[in-house]
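*Asks:* Just dropping this structure here.
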Amino acid sequence: MAMLFPDPFDALLSFQQVLDTYRTSNWLGASPSASGTYPPLNVFRKGDDLVVIAEVPGIRKEDLQVQVKGNTIRIAGTKAVQYGDNTAVHRRERLAGNFDRAISVPVEIDADKVQAECRDGMLALFLPRAERDKPKSIPVG
Amino acid sequence: MARSQALEVQEKKEQVSKEEKTVPARYFIPNTDIFETEDALTVVMEVPGVTKQAIDVSVENEVLRVEARIDPAKYEMFEPVYTEYNIGHFARSFTLSNKIDQQEISAQLGDGVLTLTLKKGKAAMPRQIAVN
């Protein structure tokens, strides 16, 4: 039914199907050094490199800490939700608190070339693959 | 309000509506805080990944409707490998009371958080009555 008309969001819909399939996968195990589930991450592949995108709305760059060691990446920080005094609350759905999450990726990454960018409440980590771990193309004779 | 230290993940709630839009896309409900001060009502919504140009705020017939769209083109070259959250547009509407001055609404976007300030109309401001 949805296939009948041209869908400009094709890439996004296929992504969402992948999400539903991988939801229960065990791809990124929790590292023993830190646990936690916040912030939620999506890991993408661009060629050989990995890109990790996390949703961190309301968290400023100063409150965010990103560390890389070997194949483990740690994202830690604090989310503050504050409103002035003299306010009457009608609805409160946003959560605040500390977070500390470590994930390990199954490929070797070049820790020196990792870049992090935080914009519009999205944290993007570019993880370039280590040279020695890149797959070698084998010509078929 | 005391909360436990570790922040929990809030799963995105998808909007389910009886009517379909002409362009198929998924809409999610952004987490919203609504506060009231003496002179204004503040609506704070979490819309990560949305830029200023992609936000539509409108008030019609006392209904405030906010629509925030993400840009799927950013994800074109990326192949998902492991996912924990959904990506999609955000939309939410609220019925306003007649206390709000519908011409005076200001909006600010920072770090993926949209703050709407709806000023209360003059008639609704608390009035001090002098006692003789």
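So you can find residues: chains in the structure tokens are A, B, ... in the order shown, residues in each start at 1, and ligands are numbered from 1 in order.
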Per residue of chain A within 6 Å of chain B, record the nearest atom pair and its distance in Å to one decimal, counting only C-alpha atoms, with rows in chain order and ascending residue number, as a Markdown table.
*Replies:*
```
| residue | atom | partner | partner_atom | distance |
| --- | --- | --- | --- | --- |
| A:Leu19 | CA | B:Thr83 | CA | 5.3 |
| A:Tyr38 | CA | B:Val9 | CA | 5.3 |
| A:Pro40 | CA | B:Glu84 | CA | 5.7 |
| A:Leu41 | CA | B:Glu84 | CA | 5.6 |
| A:Asn42 | CA | B:Thr83 | CA | 4.2 |
| A:Val43 | CA | B:Tyr82 | CA | 5.0 |
| A:Phe44 | CA | B:Pro80 | CA | 4.3 |
| A:Arg45 | CA | B:Glu79 | CA | 5.0 |
| A:Lys46 | CA | B:Phe78 | CA | 5.1 |
| A:Pro57 | CA | B:Gly112 | CA | 4.9 |
| A:Gly58 | CA | B:Asp111 | CA | 5.3 |
| A:Thr87 | CA | B:Thr37 | CA | 4.8 |
| A:Ala88 | CA | B:Glu36 | CA | 5.0 |
| A:Val89 | CA | B:Phe35 | CA | 4.7 |
| A:His90 | CA | B:Ile34 | CA | 5.3 |
| A:Arg91 | CA | B:Ile34 | CA | 4.9 |
| A:Arg92 | CA | B:Asp33 | CA | 4.5 |
| A:Glu93 | CA | B:Asn31 | CA | 5.5 |
| A:Arg94 | CA | B:Asn31 | CA | 5.8 |
| A:Gly97 | CA | B:Leu7 | CA | 5.0 |
| A:Asn98 | CA | B:Ala6 | CA | 5.3 |
| A:Phe99 | CA | B:Ala6 | CA | 5.6 |
| A:Asp120 | CA | B:Asp111 | CA | 4.3 |
| A:Gly121 | CA | B:Gly112 | CA | 4.1 |
| A:Met122 | CA | B:Gly49 | CA | 5.7 |
```
*Asks:* Neighbours of A:Gly77 within 10 Å (only C-alpha atoms; same-chain residues fewer than 5 positions away dropped), as a PDB file with N, CA and C atoms, in the first residue's frame?
*Replies:*
```
ATOM      1  N   PRO A  39      23.144   7.987  26.297  1.00  0.00           N
ATOM      2  CA  PRO A  39      22.124   8.328  25.312  1.00  0.00           C
ATOM      3  C   PRO A  39      21.890   7.206  24.307  1.00  0.00           C
ATOM      4  N   ILE A  59      21.605  19.085  25.953  1.00  0.00           N
ATOM      5  CA  ILE A  59      22.905  18.917  26.605  1.00  0.00           C
ATOM      6  C   ILE A  59      23.904  19.780  25.879  1.00  0.00           C
ATOM      7  N   ARG A  60      24.564  20.651  26.622  1.00  0.00           N
ATOM      8  CA  ARG A  60      25.509  21.551  25.967  1.00  0.00           C
ATOM      9  C   ARG A  60      26.852  20.858  25.810  1.00  0.00           C
ATOM     10  N   LYS A  61      27.655  21.384  24.896  1.00  0.00           N
ATOM     11  CA  LYS A  61      28.974  20.791  24.641  1.00  0.00           C
ATOM     12  C   LYS A  61      29.794  20.723  25.927  1.00  0.00           C
ATOM     13  N   GLU A  62      29.667  21.739  26.786  1.00  0.00           N
ATOM     14  CA  GLU A  62      30.490  21.780  27.997  1.00  0.00           C
ATOM     15  C   GLU A  62      30.117  20.662  28.960  1.00  0.00           C
ATOM     16  N   ASP A  63      28.889  20.166  28.848  1.00  0.00           N
ATOM     17  CA  ASP A  63      28.463  19.126  29.783  1.00  0.00           C
ATOM     18  C   ASP A  63      28.690  17.733  29.234  1.00  0.00           C
ATOM     19  N   LEU A  64      29.380  17.648  28.110  1.00  0.00           N
ATOM     20  CA  LEU A  64      29.545  16.365  27.445  1.00  0.00           C
ATOM     21  C   LEU A  64      31.019  15.985  27.452  1.00  0.00           C
ATOM     22  N   GLN A  65      31.277  14.707  27.673  1.00  0.00           N
ATOM     23  CA  GLN A  65      32.660  14.244  27.685  1.00  0.00           C
ATOM     24  C   GLN A  65      32.749  13.010  26.795  1.00  0.00           C
ATOM     25  N   VAL A  66      33.650  13.027  25.829  1.00  0.00           N
ATOM     26  CA  VAL A  66      33.785  11.865  24.953  1.00  0.00           C
ATOM     27  C   VAL A  66      35.219  11.380  25.043  1.00  0.00           C
ATOM     28  N   GLY A  97      19.621  14.344  34.496  1.00  0.00           N
ATOM     29  CA  GLY A  97      20.464  13.499  35.335  1.00  0.00           C
ATOM     30  C   GLY A  97      21.825  13.319  34.718  1.00  0.00           C
ATOM     31  N   ASN A  98      22.605  12.415  35.313  1.00  0.00           N
ATOM     32  CA  ASN A  98      23.928  12.125  34.781  1.00  0.00           C
ATOM     33  C   ASN A  98      23.856  10.909  33.886  1.00  0.00           C
ATOM     34  N   PHE A  99      24.824  10.810  33.007  1.00  0.00           N
ATOM     35  CA  PHE A  99      24.895   9.598  32.208  1.00  0.00           C
ATOM     36  C   PHE A  99      26.351   9.272  31.927  1.00  0.00           C
ATOM     37  N   ASP A 100      26.596   7.992  31.739  1.00  0.00           N
ATOM     38  CA  ASP A 100      27.948   7.529  31.504  1.00  0.00           C
ATOM     39  C   ASP A 100      27.813   6.216  30.761  1.00  0.00           C
ATOM     40  N   ARG A 101      28.195   6.233  29.497  1.00  0.00           N
ATOM     41  CA  ARG A 101      27.971   5.037  28.715  1.00  0.00           C
ATOM     42  C   ARG A 101      29.220   4.700  27.931  1.00  0.00           C
TER      43      ARG A 101
END
```
*Asks:* Quick one: DSSP helix (DSSP H, G or I) residues in stretch 19-132 of chain A, as a ChimeraX atom specification?
*Replies:* /A:19-22,61-63,111-113,131-132
*Asks:* Which is closer to B:Asn61 than all the others in B:Asn98, B:Asn132, B:Lys21, B:Ile105, using only C-alpha atoms?
*Replies:*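 For B:Asn61, the nearest of the candidates is B:Asn98.
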*Asks:* Among stretch 10-97 of chain B, which residues carry a DSSP assignment of strand (DSSP E), reported as a PyMOL selection string?
*Replies:* chain B and resi 13-14+27-29+32-36+40-46+55-60+63-68+79-83+89-95
*Asks:* Identify, on the basis of only C-alpha atoms, every residue whose closest approach to B:His89 does not exceed 8 Å; exclude the query and any residue fewer than 2 positions from it along the same chain; express the result as a ChimeraX atom specification.
*Replies:* /B:25-28,67-70,87,91
*Asks:* Only C-alpha atoms, please: the residues just picked out, written as a short mmCIF file (atom, residue, chain, number, x, y, z; two decimals), in the first residue's frame.
*Replies:*
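Saved as again-v5.cif:
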```cif
data_model
loop_
_atom_site.label_atom_id
_atom_site.label_comp_id
_atom_site.auth_asym_id
_atom_site.auth_seq_id
_atom_site.Cartn_x
_atom_site.Cartn_y
_atom_site.Cartn_z
CA ALA B 25 6.63 9.85 6.89
CA ARG B 26 6.77 8.88 10.50
CA TYR B 27 5.90 11.42 13.11
CA PHE B 28 6.95 11.10 16.71
CA GLU B 67 5.80 20.41 13.53
CA ALA B 68 9.55 19.84 13.40
CA ARG B 69 11.08 17.98 10.51
CA ILE B 70 14.44 16.29 10.31
CA ILE B 87 14.55 8.84 13.44
CA ALA B 91 4.64 16.84 15.71
#
```
*Asks:* Quick check, in Å to one decimal: how far apart do atom CA of B:Ser106 and atom CA of B:Val63 lie?
*Replies:* 15.7 Å
*Asks:* Atom CA of A:Asn71 and atom CA of A:Ala124, how far apart in Å?
*Replies:* 16.5 Å
